[in-house]
Amino acid sequence: MNYLMGRFHGSERRLILLAALVLVPIFFLPVLPIWQMKMWAPQYREGLTLTIYTNTIRGDVDKINTLNHYVGMKAISSDDFSEFRYMPQLLTLFGVMALLAALTGWRWLAVVGWLGFTGFAAVMFTDYVQWLWRYGHELDPRAAITLDTFMPPVLGFQKMANFKVLSIPGPGTLLLGAAWLLGPVILWLERRARRAAVQAEARPKPAVPVAGGEG
């Protein structure tokens with residue numbers, strides 16, 4: 001508890017400020033995609049793209065939904081994702097917490113914000129995996145083309161029917177990941193500095209020569 005009530009110092013606070021600069025603008029400028037799926041097929045050699053942002057889905061949504069209709073998959077719509085209604089706000093809130101922690105040095109605020117950010121990211125990624133599972137398993141049996149249930153790739157490349165699908169994190173996720181990683185880096189830097197201070201304190205002090213000689 002005493003540790004949490006302490007304060008971070010210069011270098012640690014500058015790194016916390018860097019994390020805040022990544023998170024705070026998200027609510028006002030949600031322009032960087034957090035995930036992207038690219039699909040190729042013989043009839044779509046140029047590829048179809050599905051791009052997920054913190055507040056919407058963009059790309060070739062209409063074309064993909066037309067294909068989904070034939071195989072019984074549910075249409076993709078931003079309205080079906082309640083996460084879009086609060087994701088930018090919460091990410092910016094974590095950024096404001098980081099900003100306050102950087103300005104004040106309060107260690108407890110930085111730790112609480114980082115833990116909240118970690119939990120939120122885990123929940124969002126779990127929701128994304130579940131969303132992919134539902135879209136590949138909850139198929140309409142009355143569809144024109146019958147497919148076996150499947151799981152679209154969460155990350156990486158996969159062949160599904162005559163489609164090749166690539167799923168990768170977007171620039172927004174890479175930036176968020178870098179901001180998250182600053183948490184362990186800050187703790188490591190602080191621990192290293194404290195260890196160095198303890199070692200310096202434990203070193204024997206040089207003997208101070210006594211003035212004067214033998215009588």
# chains A, B, ... in the order shown; residues from 1 in each chain; ligands from 1
$ residues_around --residues "Thr104 (chain A)" --least-positions-apart "4" --cutoff "9 Å" --atoms "only C-alpha atoms" --output "VMD selection string"
chain A and resid 7 to 8 13 99 to 100
$ write_last_selection --atoms "C-alpha atoms" --output "mmCIF file, in the first residue's frame"
data_model
loop_
_atom_site.group_PDB
_atom_site.id
_atom_site.type_symbol
_atom_site.label_atom_id
_atom_site.label_comp_id
_atom_site.auth_asym_id
_atom_site.auth_seq_id
_atom_site.Cartn_x
_atom_site.Cartn_y
_atom_site.Cartn_z
ATOM 1 C CA ARG A 7 4.849 9.060 -6.699
ATOM 2 C CA PHE A 8 6.547 8.384 -9.996
ATOM 3 C CA ARG A 13 6.017 10.439 -15.730
ATOM 4 C CA LEU A 99 -2.584 12.395 -18.135
ATOM 5 C CA LEU A 100 -3.476 13.146 -14.512
#
$ residues_around --residues "region 71-83 of chain A" --least-positions-apart "5" --cutoff "9 Å" --atoms "only C-alpha atoms" --output "ChimeraX atom specification"
/A:54-58,61-62,64-66,88,124,127,134-147
$ residues_around --residues "Trp180 (chain A)" --least-positions-apart "4" --cutoff "12 Å" --atoms "only C-alpha atoms" --output "ChimeraX atom specification"
/A:15-16,18-20,22-23,91,94-95,98,110-111,113-122,173-176,184-186
$ write_last_selection --atoms "N, CA, C and O atoms" --output "compact mmCIF listing (two decimals), in the first residue's frame"
# COMPACT_ATOMS: atom_id res chain seq x y z
N LEU A 15 6.91 8.94 -19.70
CA LEU A 15 6.37 7.79 -20.43
C LEU A 15 4.86 7.67 -20.23
O LEU A 15 4.12 7.31 -21.14
N ILE A 16 4.38 7.96 -19.02
CA ILE A 16 2.94 7.96 -18.77
C ILE A 16 2.26 9.01 -19.63
O ILE A 16 1.17 8.80 -20.18
N LEU A 18 3.27 10.00 -22.50
CA LEU A 18 3.26 9.47 -23.87
C LEU A 18 2.05 8.55 -24.08
O LEU A 18 1.39 8.61 -25.12
N ALA A 19 1.76 7.70 -23.09
CA ALA A 19 0.58 6.84 -23.19
C ALA A 19 -0.70 7.68 -23.26
O ALA A 19 -1.63 7.37 -24.01
N ALA A 20 -0.75 8.75 -22.47
CA ALA A 20 -1.92 9.63 -22.49
C ALA A 20 -2.12 10.26 -23.85
O ALA A 20 -3.25 10.39 -24.34
N VAL A 22 -1.49 9.00 -26.66
CA VAL A 22 -2.07 8.00 -27.57
C VAL A 22 -3.56 7.84 -27.31
O VAL A 22 -4.36 7.75 -28.26
N LEU A 23 -3.97 7.84 -26.04
CA LEU A 23 -5.34 7.47 -25.68
C LEU A 23 -6.33 8.64 -25.72
O LEU A 23 -7.47 8.46 -26.15
N LEU A 91 -11.67 4.52 -23.74
CA LEU A 91 -10.24 4.63 -24.06
C LEU A 91 -9.73 6.03 -23.75
O LEU A 91 -8.62 6.20 -23.23
N PHE A 94 -9.29 6.39 -19.99
CA PHE A 94 -8.01 5.85 -19.54
C PHE A 94 -6.87 6.82 -19.88
O PHE A 94 -5.90 6.95 -19.12
N GLY A 95 -7.00 7.50 -21.01
CA GLY A 95 -6.00 8.49 -21.37
C GLY A 95 -5.99 9.67 -20.41
O GLY A 95 -4.92 10.18 -20.05
N ALA A 98 -4.25 8.64 -17.33
CA ALA A 98 -2.80 8.64 -17.55
C ALA A 98 -2.27 10.07 -17.53
O ALA A 98 -1.18 10.33 -16.99
N ALA A 110 -1.94 5.81 -11.80
CA ALA A 110 -1.36 5.19 -12.99
C ALA A 110 -1.62 3.69 -13.00
O ALA A 110 -1.98 3.11 -14.03
N VAL A 111 -1.47 3.04 -11.83
CA VAL A 111 -1.67 1.59 -11.75
C VAL A 111 -3.13 1.23 -11.98
O VAL A 111 -3.45 0.29 -12.73
N GLY A 113 -5.38 2.97 -13.63
CA GLY A 113 -5.69 3.21 -15.03
C GLY A 113 -5.16 2.11 -15.93
O GLY A 113 -5.84 1.67 -16.86
N TRP A 114 -3.93 1.66 -15.66
CA TRP A 114 -3.33 0.60 -16.49
C TRP A 114 -4.09 -0.71 -16.32
O TRP A 114 -4.35 -1.42 -17.30
N LEU A 115 -4.46 -1.05 -15.09
CA LEU A 115 -5.22 -2.28 -14.86
C LEU A 115 -6.59 -2.22 -15.52
O LEU A 115 -7.06 -3.20 -16.12
N GLY A 116 -7.25 -1.04 -15.45
CA GLY A 116 -8.54 -0.89 -16.12
C GLY A 116 -8.39 -1.01 -17.63
O GLY A 116 -9.22 -1.66 -18.29
N PHE A 117 -7.35 -0.42 -18.18
CA PHE A 117 -7.07 -0.51 -19.61
C PHE A 117 -6.83 -1.96 -20.01
O PHE A 117 -7.34 -2.43 -21.05
N THR A 118 -6.08 -2.70 -19.19
CA THR A 118 -5.80 -4.10 -19.48
C THR A 118 -7.08 -4.93 -19.48
O THR A 118 -7.32 -5.73 -20.40
N GLY A 119 -7.90 -4.76 -18.45
CA GLY A 119 -9.16 -5.51 -18.38
C GLY A 119 -10.09 -5.18 -19.53
O GLY A 119 -10.72 -6.07 -20.12
N PHE A 120 -10.17 -3.89 -19.87
CA PHE A 120 -11.03 -3.47 -20.97
C PHE A 120 -10.57 -4.08 -22.29
O PHE A 120 -11.38 -4.56 -23.09
N ALA A 121 -9.25 -4.07 -22.54
CA ALA A 121 -8.72 -4.65 -23.78
C ALA A 121 -9.02 -6.15 -23.85
O ALA A 121 -9.37 -6.67 -24.92
N ALA A 122 -8.90 -6.84 -22.72
CA ALA A 122 -9.18 -8.28 -22.70
C ALA A 122 -10.64 -8.55 -23.02
O ALA A 122 -10.98 -9.47 -23.79
N THR A 173 -4.63 -0.49 -33.09
CA THR A 173 -4.31 -1.53 -32.11
C THR A 173 -2.82 -1.56 -31.80
O THR A 173 -2.42 -1.76 -30.64
N LEU A 174 -1.99 -1.34 -32.81
CA LEU A 174 -0.54 -1.32 -32.57
C LEU A 174 -0.17 -0.17 -31.64
O LEU A 174 0.67 -0.32 -30.74
N LEU A 175 -0.80 1.00 -31.84
CA LEU A 175 -0.53 2.13 -30.95
C LEU A 175 -1.05 1.87 -29.54
O LEU A 175 -0.38 2.17 -28.55
N LEU A 176 -2.24 1.29 -29.44
CA LEU A 176 -2.80 0.96 -28.13
C LEU A 176 -1.92 -0.07 -27.42
O LEU A 176 -1.72 0.00 -26.21
N PRO A 184 4.41 -1.94 -18.05
CA PRO A 184 5.52 -2.77 -17.56
C PRO A 184 6.88 -2.10 -17.72
O PRO A 184 7.76 -2.27 -16.86
N VAL A 185 7.08 -1.34 -18.79
CA VAL A 185 8.36 -0.67 -18.99
C VAL A 185 8.62 0.34 -17.87
O VAL A 185 9.73 0.43 -17.33
N ILE A 186 7.60 1.10 -17.51
CA ILE A 186 7.73 2.10 -16.44
C ILE A 186 8.08 1.43 -15.12
O ILE A 186 8.97 1.88 -14.39
$ closest_residue --among "A:Ser167, A:Thr92, A:Gln199, A:Asn162" --to "Gln43 (chain A)" --atoms "only C-alpha atoms"
A:Asn162
$ residues_around --residues "Met39 (chain A)" --least-positions-apart "4" --cutoff "6 Å" --atoms "only C-alpha atoms" --output "JSON list (two decimals) with all heavy atoms, in the first residue's frame"
[["chain", "number", "residue", "atom", "x", "y", "z"],
["A", 47, "GLY", "N", -9.77, -8.10, -54.11],
["A", 47, "GLY", "CA", -9.96, -8.27, -52.69],
["A", 47, "GLY", "C", -11.10, -7.44, -52.13],
["A", 47, "GLY", "O", -11.46, -6.39, -52.67],
["A", 48, "LEU", "N", -11.67, -7.91, -51.05],
["A", 48, "LEU", "CA", -12.69, -7.18, -50.30],
["A", 48, "LEU", "C", -12.12, -6.89, -48.91],
["A", 48, "LEU", "O", -11.44, -7.73, -48.32],
["A", 48, "LEU", "CB", -13.97, -8.01, -50.16],
["A", 48, "LEU", "CG", -14.67, -8.39, -51.47],
["A", 48, "LEU", "CD1", -15.84, -9.32, -51.18],
["A", 48, "LEU", "CD2", -15.16, -7.13, -52.20],
["A", 164, "LYS", "N", -9.76, -16.69, -49.60],
["A", 164, "LYS", "CA", -8.57, -16.60, -48.76],
["A", 164, "LYS", "C", -8.74, -15.36, -47.88],
["A", 164, "LYS", "O", -8.99, -14.27, -48.39],
["A", 164, "LYS", "CB", -7.31, -16.48, -49.62],
["A", 164, "LYS", "CG", -7.07, -17.70, -50.51],
["A", 164, "LYS", "CD", -5.86, -17.49, -51.41],
["A", 164, "LYS", "CE", -5.64, -18.70, -52.31],
["A", 164, "LYS", "NZ", -4.49, -18.49, -53.24],
["A", 165, "VAL", "N", -8.60, -15.54, -46.57],
["A", 165, "VAL", "CA", -8.91, -14.47, -45.62],
["A", 165, "VAL", "C", -7.68, -14.17, -44.78],
["A", 165, "VAL", "O", -7.04, -15.08, -44.24],
["A", 165, "VAL", "CB", -10.09, -14.86, -44.71],
["A", 165, "VAL", "CG1", -10.43, -13.70, -43.77],
["A", 165, "VAL", "CG2", -11.30, -15.26, -45.54]]
$ select_by_dssp --residues "region 11-113 of chain A" --states "helix (DSSP H, G or I)" --output "ChimeraX atom specification"
/A:11-26,61-71,78-80,82-85,87-104,107-113
$ atom_distance --atom1 "CA of Thr149 (chain A)" --atom2 "CA of Leu166 (chain A)"
18.5 Å
$ closest_residue --among "A:Gln36, A:Thr51, A:Asn68, A:Gln89" --to "Pro169 (chain A)" --atoms "only C-alpha atoms"
A:Gln36
$ atom_distance --atom1 "CA of Trp40 (chain A)" --atom2 "CA of Ile168 (chain A)"
14.6 Å
$ select_by_dssp --residues "region 62-170 of chain A" --states "strand (DSSP E)" --output "ChimeraX atom specification"
/A:156-160,163-169
$ decode --residues "region 94-131 of chain A" --atoms "N, CA, C and O atoms" --output "PDB file, in the first residue's frame"
ATOM      1  N   PHE A  94      -9.290   6.393 -19.992  1.00  0.00           N
ATOM      2  CA  PHE A  94      -8.010   5.850 -19.539  1.00  0.00           C
ATOM      3  C   PHE A  94      -6.872   6.823 -19.876  1.00  0.00           C
ATOM      4  O   PHE A  94      -5.903   6.952 -19.118  1.00  0.00           O
ATOM      5  N   GLY A  95      -7.001   7.501 -21.010  1.00  0.00           N
ATOM      6  CA  GLY A  95      -6.001   8.493 -21.375  1.00  0.00           C
ATOM      7  C   GLY A  95      -5.987   9.674 -20.413  1.00  0.00           C
ATOM      8  O   GLY A  95      -4.925  10.181 -20.055  1.00  0.00           O
ATOM      9  N   VAL A  96      -7.176  10.120 -19.993  1.00  0.00           N
ATOM     10  CA  VAL A  96      -7.260  11.225 -19.033  1.00  0.00           C
ATOM     11  C   VAL A  96      -6.647  10.801 -17.694  1.00  0.00           C
ATOM     12  O   VAL A  96      -5.938  11.587 -17.045  1.00  0.00           O
ATOM     13  N   MET A  97      -6.896   9.550 -17.283  1.00  0.00           N
ATOM     14  CA  MET A  97      -6.277   9.049 -16.046  1.00  0.00           C
ATOM     15  C   MET A  97      -4.756   9.057 -16.161  1.00  0.00           C
ATOM     16  O   MET A  97      -4.039   9.435 -15.223  1.00  0.00           O
ATOM     17  N   ALA A  98      -4.253   8.635 -17.332  1.00  0.00           N
ATOM     18  CA  ALA A  98      -2.804   8.642 -17.546  1.00  0.00           C
ATOM     19  C   ALA A  98      -2.265  10.067 -17.533  1.00  0.00           C
ATOM     20  O   ALA A  98      -1.184  10.333 -16.987  1.00  0.00           O
ATOM     21  N   LEU A  99      -3.016  11.002 -18.113  1.00  0.00           N
ATOM     22  CA  LEU A  99      -2.584  12.395 -18.135  1.00  0.00           C
ATOM     23  C   LEU A  99      -2.489  12.957 -16.719  1.00  0.00           C
ATOM     24  O   LEU A  99      -1.506  13.623 -16.360  1.00  0.00           O
ATOM     25  N   LEU A 100      -3.502  12.677 -15.899  1.00  0.00           N
ATOM     26  CA  LEU A 100      -3.476  13.146 -14.512  1.00  0.00           C
ATOM     27  C   LEU A 100      -2.332  12.498 -13.737  1.00  0.00           C
ATOM     28  O   LEU A 100      -1.675  13.155 -12.921  1.00  0.00           O
ATOM     29  N   ALA A 101      -2.092  11.209 -13.998  1.00  0.00           N
ATOM     30  CA  ALA A 101      -0.989  10.522 -13.319  1.00  0.00           C
ATOM     31  C   ALA A 101       0.356  11.112 -13.735  1.00  0.00           C
ATOM     32  O   ALA A 101       1.273  11.233 -12.911  1.00  0.00           O
ATOM     33  N   ALA A 102       0.464  11.486 -15.012  1.00  0.00           N
ATOM     34  CA  ALA A 102       1.715  12.096 -15.475  1.00  0.00           C
ATOM     35  C   ALA A 102       1.934  13.462 -14.842  1.00  0.00           C
ATOM     36  O   ALA A 102       3.063  13.831 -14.493  1.00  0.00           O
ATOM     37  N   LEU A 103       0.863  14.231 -14.671  1.00  0.00           N
ATOM     38  CA  LEU A 103       0.989  15.576 -14.123  1.00  0.00           C
ATOM     39  C   LEU A 103       1.247  15.561 -12.617  1.00  0.00           C
ATOM     40  O   LEU A 103       1.972  16.413 -12.100  1.00  0.00           O
ATOM     41  N   THR A 104       0.617  14.589 -11.928  1.00  0.00           N
ATOM     42  CA  THR A 104       0.731  14.551 -10.466  1.00  0.00           C
ATOM     43  C   THR A 104       1.795  13.586  -9.971  1.00  0.00           C
ATOM     44  O   THR A 104       2.314  13.730  -8.867  1.00  0.00           O
ATOM     45  N   GLY A 105       2.090  12.561 -10.794  1.00  0.00           N
ATOM     46  CA  GLY A 105       3.025  11.517 -10.369  1.00  0.00           C
ATOM     47  C   GLY A 105       2.387  10.474  -9.484  1.00  0.00           C
ATOM     48  O   GLY A 105       3.083   9.566  -9.012  1.00  0.00           O
ATOM     49  N   TRP A 106       1.077  10.566  -9.237  1.00  0.00           N
ATOM     50  CA  TRP A 106       0.412   9.613  -8.338  1.00  0.00           C
ATOM     51  C   TRP A 106       0.515   8.199  -8.894  1.00  0.00           C
ATOM     52  O   TRP A 106      -0.019   7.882  -9.946  1.00  0.00           O
ATOM     53  N   ARG A 107       1.177   7.351  -8.172  1.00  0.00           N
ATOM     54  CA  ARG A 107       1.410   5.986  -8.622  1.00  0.00           C
ATOM     55  C   ARG A 107       0.114   5.178  -8.649  1.00  0.00           C
ATOM     56  O   ARG A 107      -0.132   4.405  -9.573  1.00  0.00           O
ATOM     57  N   TRP A 108      -0.723   5.347  -7.625  1.00  0.00           N
ATOM     58  CA  TRP A 108      -1.968   4.564  -7.558  1.00  0.00           C
ATOM     59  C   TRP A 108      -2.870   4.854  -8.750  1.00  0.00           C
ATOM     60  O   TRP A 108      -3.527   3.951  -9.287  1.00  0.00           O
ATOM     61  N   LEU A 109      -2.909   6.104  -9.200  1.00  0.00           N
ATOM     62  CA  LEU A 109      -3.765   6.463 -10.332  1.00  0.00           C
ATOM     63  C   LEU A 109      -3.258   5.815 -11.613  1.00  0.00           C
ATOM     64  O   LEU A 109      -4.048   5.307 -12.420  1.00  0.00           O
ATOM     65  N   ALA A 110      -1.937   5.813 -11.805  1.00  0.00           N
ATOM     66  CA  ALA A 110      -1.364   5.186 -12.994  1.00  0.00           C
ATOM     67  C   ALA A 110      -1.625   3.686 -12.998  1.00  0.00           C
ATOM     68  O   ALA A 110      -1.983   3.107 -14.032  1.00  0.00           O
ATOM     69  N   VAL A 111      -1.474   3.037 -11.835  1.00  0.00           N
ATOM     70  CA  VAL A 111      -1.669   1.589 -11.749  1.00  0.00           C
ATOM     71  C   VAL A 111      -3.135   1.226 -11.983  1.00  0.00           C
ATOM     72  O   VAL A 111      -3.452   0.292 -12.734  1.00  0.00           O
ATOM     73  N   VAL A 112      -4.056   1.971 -11.352  1.00  0.00           N
ATOM     74  CA  VAL A 112      -5.491   1.700 -11.541  1.00  0.00           C
ATOM     75  C   VAL A 112      -5.879   1.894 -13.003  1.00  0.00           C
ATOM     76  O   VAL A 112      -6.629   1.089 -13.583  1.00  0.00           O
ATOM     77  N   GLY A 113      -5.382   2.965 -13.625  1.00  0.00           N
ATOM     78  CA  GLY A 113      -5.694   3.207 -15.032  1.00  0.00           C
ATOM     79  C   GLY A 113      -5.157   2.108 -15.933  1.00  0.00           C
ATOM     80  O   GLY A 113      -5.840   1.666 -16.857  1.00  0.00           O
ATOM     81  N   TRP A 114      -3.926   1.662 -15.661  1.00  0.00           N
ATOM     82  CA  TRP A 114      -3.334   0.603 -16.487  1.00  0.00           C
ATOM     83  C   TRP A 114      -4.088  -0.711 -16.321  1.00  0.00           C
ATOM     84  O   TRP A 114      -4.346  -1.422 -17.295  1.00  0.00           O
ATOM     85  N   LEU A 115      -4.461  -1.046 -15.089  1.00  0.00           N
ATOM     86  CA  LEU A 115      -5.220  -2.284 -14.859  1.00  0.00           C
ATOM     87  C   LEU A 115      -6.593  -2.219 -15.524  1.00  0.00           C
ATOM     88  O   LEU A 115      -7.064  -3.199 -16.120  1.00  0.00           O
ATOM     89  N   GLY A 116      -7.248  -1.045 -15.449  1.00  0.00           N
ATOM     90  CA  GLY A 116      -8.536  -0.888 -16.124  1.00  0.00           C
ATOM     91  C   GLY A 116      -8.395  -1.014 -17.629  1.00  0.00           C
ATOM     92  O   GLY A 116      -9.216  -1.664 -18.291  1.00  0.00           O
ATOM     93  N   PHE A 117      -7.352  -0.424 -18.179  1.00  0.00           N
ATOM     94  CA  PHE A 117      -7.071  -0.509 -19.609  1.00  0.00           C
ATOM     95  C   PHE A 117      -6.833  -1.959 -20.015  1.00  0.00           C
ATOM     96  O   PHE A 117      -7.336  -2.429 -21.050  1.00  0.00           O
ATOM     97  N   THR A 118      -6.084  -2.699 -19.188  1.00  0.00           N
ATOM     98  CA  THR A 118      -5.798  -4.105 -19.476  1.00  0.00           C
ATOM     99  C   THR A 118      -7.075  -4.933 -19.484  1.00  0.00           C
ATOM    100  O   THR A 118      -7.322  -5.727 -20.403  1.00  0.00           O
ATOM    101  N   GLY A 119      -7.905  -4.756 -18.451  1.00  0.00           N
ATOM    102  CA  GLY A 119      -9.160  -5.507 -18.381  1.00  0.00           C
ATOM    103  C   GLY A 119     -10.086  -5.176 -19.533  1.00  0.00           C
ATOM    104  O   GLY A 119     -10.717  -6.069 -20.125  1.00  0.00           O
ATOM    105  N   PHE A 120     -10.167  -3.892 -19.873  1.00  0.00           N
ATOM    106  CA  PHE A 120     -11.032  -3.467 -20.973  1.00  0.00           C
ATOM    107  C   PHE A 120     -10.568  -4.078 -22.291  1.00  0.00           C
ATOM    108  O   PHE A 120     -11.382  -4.563 -23.087  1.00  0.00           O
ATOM    109  N   ALA A 121      -9.251  -4.071 -22.540  1.00  0.00           N
ATOM    110  CA  ALA A 121      -8.719  -4.653 -23.780  1.00  0.00           C
ATOM    111  C   ALA A 121      -9.020  -6.147 -23.851  1.00  0.00           C
ATOM    112  O   ALA A 121      -9.366  -6.668 -24.924  1.00  0.00           O
ATOM    113  N   ALA A 122      -8.902  -6.839 -22.722  1.00  0.00           N
ATOM    114  CA  ALA A 122      -9.182  -8.279 -22.704  1.00  0.00           C
ATOM    115  C   ALA A 122     -10.644  -8.553 -23.024  1.00  0.00           C
ATOM    116  O   ALA A 122     -10.977  -9.472 -23.787  1.00  0.00           O
ATOM    117  N   VAL A 123     -11.540  -7.747 -22.456  1.00  0.00           N
ATOM    118  CA  VAL A 123     -12.973  -7.929 -22.715  1.00  0.00           C
ATOM    119  C   VAL A 123     -13.300  -7.644 -24.177  1.00  0.00           C
ATOM    120  O   VAL A 123     -14.061  -8.383 -24.818  1.00  0.00           O
ATOM    121  N   MET A 124     -12.725  -6.581 -24.735  1.00  0.00           N
ATOM    122  CA  MET A 124     -12.998  -6.228 -26.122  1.00  0.00           C
ATOM    123  C   MET A 124     -12.495  -7.315 -27.083  1.00  0.00           C
ATOM    124  O   MET A 124     -13.163  -7.657 -28.052  1.00  0.00           O
ATOM    125  N   PHE A 125     -11.319  -7.862 -26.811  1.00  0.00           N
ATOM    126  CA  PHE A 125     -10.781  -8.909 -27.685  1.00  0.00           C
ATOM    127  C   PHE A 125     -11.639 -10.172 -27.574  1.00  0.00           C
ATOM    128  O   PHE A 125     -11.905 -10.838 -28.584  1.00  0.00           O
ATOM    129  N   THR A 126     -12.094 -10.496 -26.363  1.00  0.00           N
ATOM    130  CA  THR A 126     -12.984 -11.649 -26.187  1.00  0.00           C
ATOM    131  C   THR A 126     -14.283 -11.456 -26.952  1.00  0.00           C
ATOM    132  O   THR A 126     -14.789 -12.377 -27.604  1.00  0.00           O
ATOM    133  N   ASP A 127     -14.840 -10.237 -26.903  1.00  0.00           N
ATOM    134  CA  ASP A 127     -16.068  -9.945 -27.652  1.00  0.00           C
ATOM    135  C   ASP A 127     -15.845 -10.114 -29.147  1.00  0.00           C
ATOM    136  O   ASP A 127     -16.726 -10.625 -29.867  1.00  0.00           O
ATOM    137  N   TYR A 128     -14.682  -9.706 -29.633  1.00  0.00           N
ATOM    138  CA  TYR A 128     -14.380  -9.831 -31.060  1.00  0.00           C
ATOM    139  C   TYR A 128     -14.316 -11.303 -31.480  1.00  0.00           C
ATOM    140  O   TYR A 128     -14.867 -11.688 -32.512  1.00  0.00           O
ATOM    141  N   VAL A 129     -13.670 -12.126 -30.662  1.00  0.00           N
ATOM    142  CA  VAL A 129     -13.583 -13.563 -30.953  1.00  0.00           C
ATOM    143  C   VAL A 129     -14.979 -14.183 -30.956  1.00  0.00           C
ATOM    144  O   VAL A 129     -15.323 -14.980 -31.840  1.00  0.00           O
ATOM    145  N   GLN A 130     -15.800 -13.820 -29.977  1.00  0.00           N
ATOM    146  CA  GLN A 130     -17.161 -14.357 -29.913  1.00  0.00           C
ATOM    147  C   GLN A 130     -17.995 -13.896 -31.108  1.00  0.00           C
ATOM    148  O   GLN A 130     -18.820 -14.658 -31.624  1.00  0.00           O
ATOM    149  N   TRP A 131     -17.769 -12.653 -31.540  1.00  0.00           N
ATOM    150  CA  TRP A 131     -18.487 -12.150 -32.709  1.00  0.00           C
ATOM    151  C   TRP A 131     -18.134 -12.969 -33.952  1.00  0.00           C
ATOM    152  O   TRP A 131     -19.011 -13.361 -34.717  1.00  0.00           O
TER     153      TRP A 131
END
